[in-house]
$ cat query.cif   # mmCIF, C-alpha atoms
data_start
loop_
_atom_site.group_PDB
_atom_site.id
_atom_site.type_symbol
_atom_site.label_atom_id
_atom_site.label_comp_id
_atom_site.auth_asym_id
_atom_site.auth_seq_id
_atom_site.Cartn_x
_atom_site.Cartn_y
_atom_site.Cartn_z
ATOM 1 C CA SER I 138 13.881 -27.188 221.372
ATOM 2 C CA LEU I 139 10.800 -29.338 221.472
ATOM 3 C CA SER I 140 7.515 -27.494 220.904
ATOM 4 C CA LYS I 141 4.169 -28.834 222.105
ATOM 5 C CA ASP I 142 2.412 -26.797 219.405
ATOM 6 C CA LEU I 143 4.590 -28.260 216.655
ATOM 7 C CA CYS I 144 3.935 -31.732 218.098
ATOM 8 C CA THR I 145 0.214 -31.082 217.683
ATOM 9 C CA ILE I 146 0.797 -30.230 214.019
ATOM 10 C CA ALA I 147 3.151 -33.204 213.509
ATOM 11 C CA GLU I 148 0.599 -35.584 215.025
ATOM 12 C CA LYS I 149 -2.104 -34.304 212.657
ATOM 13 C CA ARG I 150 0.256 -34.418 209.687
ATOM 14 C CA VAL I 151 1.449 -37.983 210.294
ATOM 15 C CA ASP I 152 -2.203 -39.097 210.180
ATOM 16 C CA GLU I 153 -2.909 -37.000 207.065
ATOM 17 C CA THR I 154 0.051 -38.463 205.163
ATOM 18 C CA LYS I 155 -1.551 -41.893 205.316
ATOM 19 C CA PHE I 156 -4.048 -40.634 202.723
ATOM 20 C CA ASP I 157 -2.105 -37.829 201.008
ATOM 21 C CA TRP I 158 1.636 -38.368 200.781
ATOM 22 C CA SER I 159 2.628 -34.794 200.002
ATOM 23 C CA HIS I 160 3.457 -31.487 201.627
ATOM 24 C CA ASN I 161 0.108 -30.060 200.473
ATOM 25 C CA GLY I 162 -1.577 -30.554 203.850
ATOM 26 C CA PHE I 163 1.266 -28.806 205.643
ATOM 27 C CA TYR I 164 0.488 -25.438 204.125
ATOM 28 C CA LYS I 165 -2.833 -25.125 205.939
ATOM 29 C CA TYR I 166 -0.844 -24.995 209.212
ATOM 30 C CA SER I 167 1.470 -22.237 207.988
ATOM 31 C CA GLY I 168 1.458 -19.452 210.542
ATOM 32 C CA SER I 169 -0.603 -21.428 213.032
ATOM 33 C CA TYR I 170 0.124 -21.203 216.758
ATOM 34 C CA GLY I 171 1.939 -17.918 216.152
ATOM 35 C CA PHE I 172 4.874 -19.376 214.231
ATOM 36 C CA THR I 173 6.374 -16.931 211.748
ATOM 37 C CA THR I 174 8.332 -19.556 209.777
ATOM 38 C CA GLN I 175 7.785 -23.277 209.477
ATOM 39 C CA GLY I 176 9.196 -26.251 207.585
ATOM 40 C CA GLU I 177 8.406 -29.944 207.213
ATOM 41 C CA ASN I 178 10.275 -33.160 206.520
ATOM 42 C CA LEU I 179 8.460 -36.351 205.551
ATOM 43 C CA SER I 180 9.735 -39.913 205.536
ATOM 44 C CA LYS I 181 8.064 -43.118 204.435
ATOM 45 C CA ASP I 182 9.080 -46.758 204.596
ATOM 46 C CA THR I 183 11.961 -46.342 207.023
ATOM 47 C CA ILE I 184 12.393 -48.834 209.839
ATOM 48 C CA ASN I 185 13.110 -46.419 212.699
ATOM 49 C CA GLU I 186 13.827 -42.814 213.594
ATOM 50 C CA GLU I 187 17.608 -43.247 213.315
ATOM 51 C CA LEU I 188 17.356 -44.474 209.722
ATOM 52 C CA THR I 189 14.882 -41.700 208.992
ATOM 53 C CA LEU I 190 17.359 -39.085 210.213
ATOM 54 C CA ASP I 191 20.161 -40.724 208.217
ATOM 55 C CA SER I 192 18.070 -40.570 205.040
ATOM 56 C CA TRP I 193 17.171 -36.919 205.668
ATOM 57 C CA LEU I 194 20.823 -35.994 206.169
ATOM 58 C CA LYS I 195 21.641 -37.560 202.782
ATOM 59 C CA SER I 196 18.965 -35.497 201.030
ATOM 60 C CA ALA I 197 19.861 -31.876 200.246
ATOM 61 C CA SER I 198 16.347 -30.477 200.755
ATOM 62 C CA HIS I 199 15.722 -32.401 203.983
ATOM 63 C CA ALA I 200 19.179 -31.581 205.348
ATOM 64 C CA ALA I 201 18.516 -27.912 204.591
ATOM 65 C CA ASN I 202 15.551 -28.007 206.987
ATOM 66 C CA LEU I 203 17.594 -29.849 209.617
ATOM 67 C CA ASN I 204 20.420 -27.322 209.360
ATOM 68 C CA ALA I 205 18.242 -24.215 209.069
ATOM 69 C CA ASP I 206 17.951 -21.700 211.866
ATOM 70 C CA TYR I 207 14.738 -23.114 213.345
ATOM 71 C CA GLN I 208 14.348 -22.726 217.108
ATOM 72 C CA TYR I 209 11.683 -25.395 217.638
ATOM 73 C CA THR I 210 10.845 -28.825 216.264
ATOM 74 C CA CYS I 211 8.869 -31.993 216.810
ATOM 75 C CA ILE I 212 8.906 -35.371 215.079
ATOM 76 C CA LYS I 213 6.080 -37.896 215.119
ATOM 77 C CA CYS I 214 6.194 -41.371 213.598
ATOM 78 C CA LYS I 215 3.324 -43.756 212.993
ATOM 79 C CA GLU I 216 3.374 -47.067 211.174
ATOM 80 C CA ASN I 217 5.936 -46.514 208.406
ATOM 81 C CA ARG I 218 5.660 -42.709 208.227
ATOM 82 C CA CYS I 219 7.499 -39.895 210.023
ATOM 83 C CA VAL I 220 6.807 -36.174 210.002
ATOM 84 C CA GLN I 221 9.112 -33.535 211.434
ATOM 85 C CA ILE I 222 7.842 -29.972 211.771
ATOM 86 C CA PHE I 223 10.155 -26.985 212.331
ATOM 87 C CA GLY I 224 9.280 -23.452 213.386
ATOM 88 C CA ASN I 225 10.199 -20.060 214.767
ATOM 89 C CA TYR I 226 8.028 -17.620 216.670
#

$ encode --input "query.cif" --output "structure tokens"
Amino acid sequence: SLSKDLCTIAEKRVDETKFDWSHNGFYKYSGSYGFTTQGENLSKDTINEELTLDSWLKSASHAANLNADYQYTCIKCKENRCVQIFGNY
């Protein structure tokens, strides 16, 4: 399900990745908004969301997040970057 709170995090993260292309910034949001577990997928230099999803499905670590037992998610894309945040309360 879509989560407004995770969308807030994803929106912040997609801006942050312009200057720091890593998962480092994600960890400061760990446990925020009452989420007990969270995950993150990043994508750069893909043309659209469909190609982003295709690339994630072909990557073991990204596919693991997509197939994990997360109840909530949100994806935000800006310029050539996409961030997907996952979480459970």

$ closest_residue --input "query.cif" --among "I:Asn161, I:Ser138, I:Gln208, I:Asn185" --to "I:Tyr226" --atoms "all atoms listed in the file"
I:Gln208

$ residues_around --input "query.cif" --residues "I:Trp158" --least-positions-apart "3" --cutoff "12 Å" --atoms "only C-alpha atoms" --output "number ranges by chain"
I: 150-155, 161-163, 178-182, 217-220

$ write_last_selection --input "query.cif" --atoms "C-alpha atoms" --output "short mmCIF file (atom, residue, chain, number, x, y, z; two decimals), keeping the file's coordinate frame"
data_model
loop_
_atom_site.label_atom_id
_atom_site.label_comp_id
_atom_site.auth_asym_id
_atom_site.auth_seq_id
_atom_site.Cartn_x
_atom_site.Cartn_y
_atom_site.Cartn_z
CA ARG I 150 0.26 -34.42 209.69
CA VAL I 151 1.45 -37.98 210.29
CA ASP I 152 -2.20 -39.10 210.18
CA GLU I 153 -2.91 -37.00 207.06
CA THR I 154 0.05 -38.46 205.16
CA LYS I 155 -1.55 -41.89 205.32
CA ASN I 161 0.11 -30.06 200.47
CA GLY I 162 -1.58 -30.55 203.85
CA PHE I 163 1.27 -28.81 205.64
CA ASN I 178 10.28 -33.16 206.52
CA LEU I 179 8.46 -36.35 205.55
CA SER I 180 9.74 -39.91 205.54
CA LYS I 181 8.06 -43.12 204.44
CA ASP I 182 9.08 -46.76 204.60
CA ASN I 217 5.94 -46.51 208.41
CA ARG I 218 5.66 -42.71 208.23
CA CYS I 219 7.50 -39.90 210.02
CA VAL I 220 6.81 -36.17 210.00
#

$ closest_residue --input "query.cif" --among "I:Asn202, I:Thr189, I:Thr210, I:Gln221" --to "I:Asp142" --atoms "only C-alpha atoms"
I:Thr210

$ closest_residue --input "query.cif" --among "I:Ala200, I:Leu194, I:Ile146, I:Cys211" --to "I:Tyr164" --atoms "all atoms listed in the file"
I:Ile146

$ closest_residue --input "query.cif" --among "I:Tyr166, I:Phe223, I:Phe156, I:Phe172" --to "I:Tyr207" --atoms "only C-alpha atoms"
I:Phe223

$ atom_distance --input "query.cif" --atom1 "atom CA of I:Asp206" --atom2 "atom CA of I:Gly224"
9.0 Å

$ residues_around --input "query.cif" --residues "I:Thr145" --least-positions-apart "3" --cutoff "10 Å" --atoms "only C-alpha atoms" --output "list in words"
Ser140, Lys141, Asp142, Glu148, Lys149, Arg150, Tyr170, Cys211, Lys213 and Ile222 of chain I

$ atom_distance --input "query.cif" --atom1 "atom CA of I:Asp157" --atom2 "atom CA of I:Asn204"
26.2 Å

$ atom_distance --input "query.cif" --atom1 "atom CA of I:Thr174" --atom2 "atom CA of I:Ala205"
11.0 Å

$ closest_residue --input "query.cif" --among "I:Glu177, I:Tyr209, I:Ser192, I:Glu187" --to "I:Ser159" --atoms "all atoms listed in the file"
I:Glu177

$ closest_residue --input "query.cif" --among "I:Ser167, I:Ser198, I:Thr173, I:Thr183" --to "I:Asn225" --atoms "all atoms listed in the file"
I:Thr173

$ build_atoms --input "query.cif" --residues "stretch 190-201 of chain I" --atoms "all heavy atoms" --output "PDB file, in the frame of the given file"
ATOM      1  N   LEU I 190      16.434 -40.217 210.120  1.00  0.00           N
ATOM      2  CA  LEU I 190      17.359 -39.085 210.213  1.00  0.00           C
ATOM      3  C   LEU I 190      18.523 -39.263 209.242  1.00  0.00           C
ATOM      4  O   LEU I 190      18.909 -38.311 208.552  1.00  0.00           O
ATOM      5  CB  LEU I 190      17.859 -38.919 211.645  1.00  0.00           C
ATOM      6  CG  LEU I 190      18.811 -37.756 211.879  1.00  0.00           C
ATOM      7  CD1 LEU I 190      18.174 -36.432 211.489  1.00  0.00           C
ATOM      8  CD2 LEU I 190      19.259 -37.723 213.328  1.00  0.00           C
ATOM      9  N   ASP I 191      19.071 -40.469 209.166  1.00  0.00           N
ATOM     10  CA  ASP I 191      20.161 -40.724 208.217  1.00  0.00           C
ATOM     11  C   ASP I 191      19.742 -40.411 206.787  1.00  0.00           C
ATOM     12  O   ASP I 191      20.495 -39.801 206.036  1.00  0.00           O
ATOM     13  CB  ASP I 191      20.627 -42.178 208.305  1.00  0.00           C
ATOM     14  CG  ASP I 191      21.455 -42.470 209.539  1.00  0.00           C
ATOM     15  OD1 ASP I 191      21.923 -41.520 210.203  1.00  0.00           O
ATOM     16  OD2 ASP I 191      21.628 -43.667 209.844  1.00  0.00           O
ATOM     17  N   SER I 192      18.531 -40.826 206.412  1.00  0.00           N
ATOM     18  CA  SER I 192      18.070 -40.570 205.040  1.00  0.00           C
ATOM     19  C   SER I 192      17.864 -39.074 204.811  1.00  0.00           C
ATOM     20  O   SER I 192      18.163 -38.571 203.722  1.00  0.00           O
ATOM     21  CB  SER I 192      16.802 -41.364 204.729  1.00  0.00           C
ATOM     22  OG  SER I 192      15.704 -40.875 205.447  1.00  0.00           O
ATOM     23  N   TRP I 193      17.348 -38.363 205.812  1.00  0.00           N
ATOM     24  CA  TRP I 193      17.171 -36.919 205.668  1.00  0.00           C
ATOM     25  C   TRP I 193      18.506 -36.205 205.515  1.00  0.00           C
ATOM     26  O   TRP I 193      18.630 -35.258 204.743  1.00  0.00           O
ATOM     27  CB  TRP I 193      16.403 -36.347 206.847  1.00  0.00           C
ATOM     28  CG  TRP I 193      14.928 -36.606 206.807  1.00  0.00           C
ATOM     29  CD1 TRP I 193      14.169 -36.894 205.713  1.00  0.00           C
ATOM     30  CD2 TRP I 193      14.030 -36.587 207.910  1.00  0.00           C
ATOM     31  NE1 TRP I 193      12.851 -37.056 206.075  1.00  0.00           N
ATOM     32  CE2 TRP I 193      12.736 -36.875 207.418  1.00  0.00           C
ATOM     33  CE3 TRP I 193      14.178 -36.365 209.273  1.00  0.00           C
ATOM     34  CZ2 TRP I 193      11.613 -36.941 208.228  1.00  0.00           C
ATOM     35  CZ3 TRP I 193      13.064 -36.424 210.085  1.00  0.00           C
ATOM     36  CH2 TRP I 193      11.786 -36.710 209.565  1.00  0.00           C
ATOM     37  N   LEU I 194      19.506 -36.638 206.251  1.00  0.00           N
ATOM     38  CA  LEU I 194      20.823 -35.994 206.169  1.00  0.00           C
ATOM     39  C   LEU I 194      21.474 -36.214 204.804  1.00  0.00           C
ATOM     40  O   LEU I 194      22.304 -35.414 204.373  1.00  0.00           O
ATOM     41  CB  LEU I 194      21.732 -36.497 207.284  1.00  0.00           C
ATOM     42  CG  LEU I 194      21.361 -36.005 208.688  1.00  0.00           C
ATOM     43  CD1 LEU I 194      22.175 -36.744 209.744  1.00  0.00           C
ATOM     44  CD2 LEU I 194      21.565 -34.502 208.807  1.00  0.00           C
ATOM     45  N   LYS I 195      21.088 -37.270 204.110  1.00  0.00           N
ATOM     46  CA  LYS I 195      21.641 -37.560 202.782  1.00  0.00           C
ATOM     47  C   LYS I 195      20.869 -36.864 201.663  1.00  0.00           C
ATOM     48  O   LYS I 195      21.249 -36.938 200.503  1.00  0.00           O
ATOM     49  CB  LYS I 195      21.663 -39.064 202.551  1.00  0.00           C
ATOM     50  CG  LYS I 195      22.640 -39.783 203.458  1.00  0.00           C
ATOM     51  CD  LYS I 195      22.554 -41.287 203.305  1.00  0.00           C
ATOM     52  CE  LYS I 195      23.485 -41.949 204.308  1.00  0.00           C
ATOM     53  NZ  LYS I 195      23.275 -43.391 204.377  1.00  0.00           N
ATOM     54  N   SER I 196      19.791 -36.203 202.008  1.00  0.00           N
ATOM     55  CA  SER I 196      18.965 -35.497 201.030  1.00  0.00           C
ATOM     56  C   SER I 196      19.167 -33.993 201.208  1.00  0.00           C
ATOM     57  O   SER I 196      18.965 -33.456 202.294  1.00  0.00           O
ATOM     58  CB  SER I 196      17.491 -35.855 201.262  1.00  0.00           C
ATOM     59  OG  SER I 196      16.644 -34.902 200.671  1.00  0.00           O
ATOM     60  N   ALA I 197      19.544 -33.310 200.150  1.00  0.00           N
ATOM     61  CA  ALA I 197      19.861 -31.876 200.246  1.00  0.00           C
ATOM     62  C   ALA I 197      18.691 -31.058 200.803  1.00  0.00           C
ATOM     63  O   ALA I 197      18.882 -30.219 201.686  1.00  0.00           O
ATOM     64  CB  ALA I 197      20.284 -31.344 198.888  1.00  0.00           C
ATOM     65  N   SER I 198      17.484 -31.299 200.301  1.00  0.00           N
ATOM     66  CA  SER I 198      16.347 -30.477 200.755  1.00  0.00           C
ATOM     67  C   SER I 198      15.973 -30.780 202.205  1.00  0.00           C
ATOM     68  O   SER I 198      15.627 -29.870 202.966  1.00  0.00           O
ATOM     69  CB  SER I 198      15.145 -30.677 199.838  1.00  0.00           C
ATOM     70  OG  SER I 198      14.725 -32.024 199.845  1.00  0.00           O
ATOM     71  N   HIS I 199      16.038 -32.048 202.594  1.00  0.00           N
ATOM     72  CA  HIS I 199      15.722 -32.401 203.983  1.00  0.00           C
ATOM     73  C   HIS I 199      16.820 -31.907 204.935  1.00  0.00           C
ATOM     74  O   HIS I 199      16.529 -31.395 206.018  1.00  0.00           O
ATOM     75  CB  HIS I 199      15.540 -33.914 204.129  1.00  0.00           C
ATOM     76  CG  HIS I 199      14.340 -34.430 203.412  1.00  0.00           C
ATOM     77  ND1 HIS I 199      14.415 -35.011 202.173  1.00  0.00           N
ATOM     78  CD2 HIS I 199      13.029 -34.431 203.760  1.00  0.00           C
ATOM     79  CE1 HIS I 199      13.205 -35.355 201.775  1.00  0.00           C
ATOM     80  NE2 HIS I 199      12.336 -35.014 202.719  1.00  0.00           N
ATOM     81  N   ALA I 200      18.063 -32.058 204.527  1.00  0.00           N
ATOM     82  CA  ALA I 200      19.179 -31.581 205.348  1.00  0.00           C
ATOM     83  C   ALA I 200      19.119 -30.068 205.517  1.00  0.00           C
ATOM     84  O   ALA I 200      19.485 -29.545 206.579  1.00  0.00           O
ATOM     85  CB  ALA I 200      20.510 -32.006 204.740  1.00  0.00           C
ATOM     86  N   ALA I 201      18.647 -29.370 204.493  1.00  0.00           N
ATOM     87  CA  ALA I 201      18.516 -27.912 204.591  1.00  0.00           C
ATOM     88  C   ALA I 201      17.571 -27.537 205.725  1.00  0.00           C
ATOM     89  O   ALA I 201      17.844 -26.600 206.485  1.00  0.00           O
ATOM     90  CB  ALA I 201      18.033 -27.322 203.267  1.00  0.00           C
TER      91      ALA I 201
END
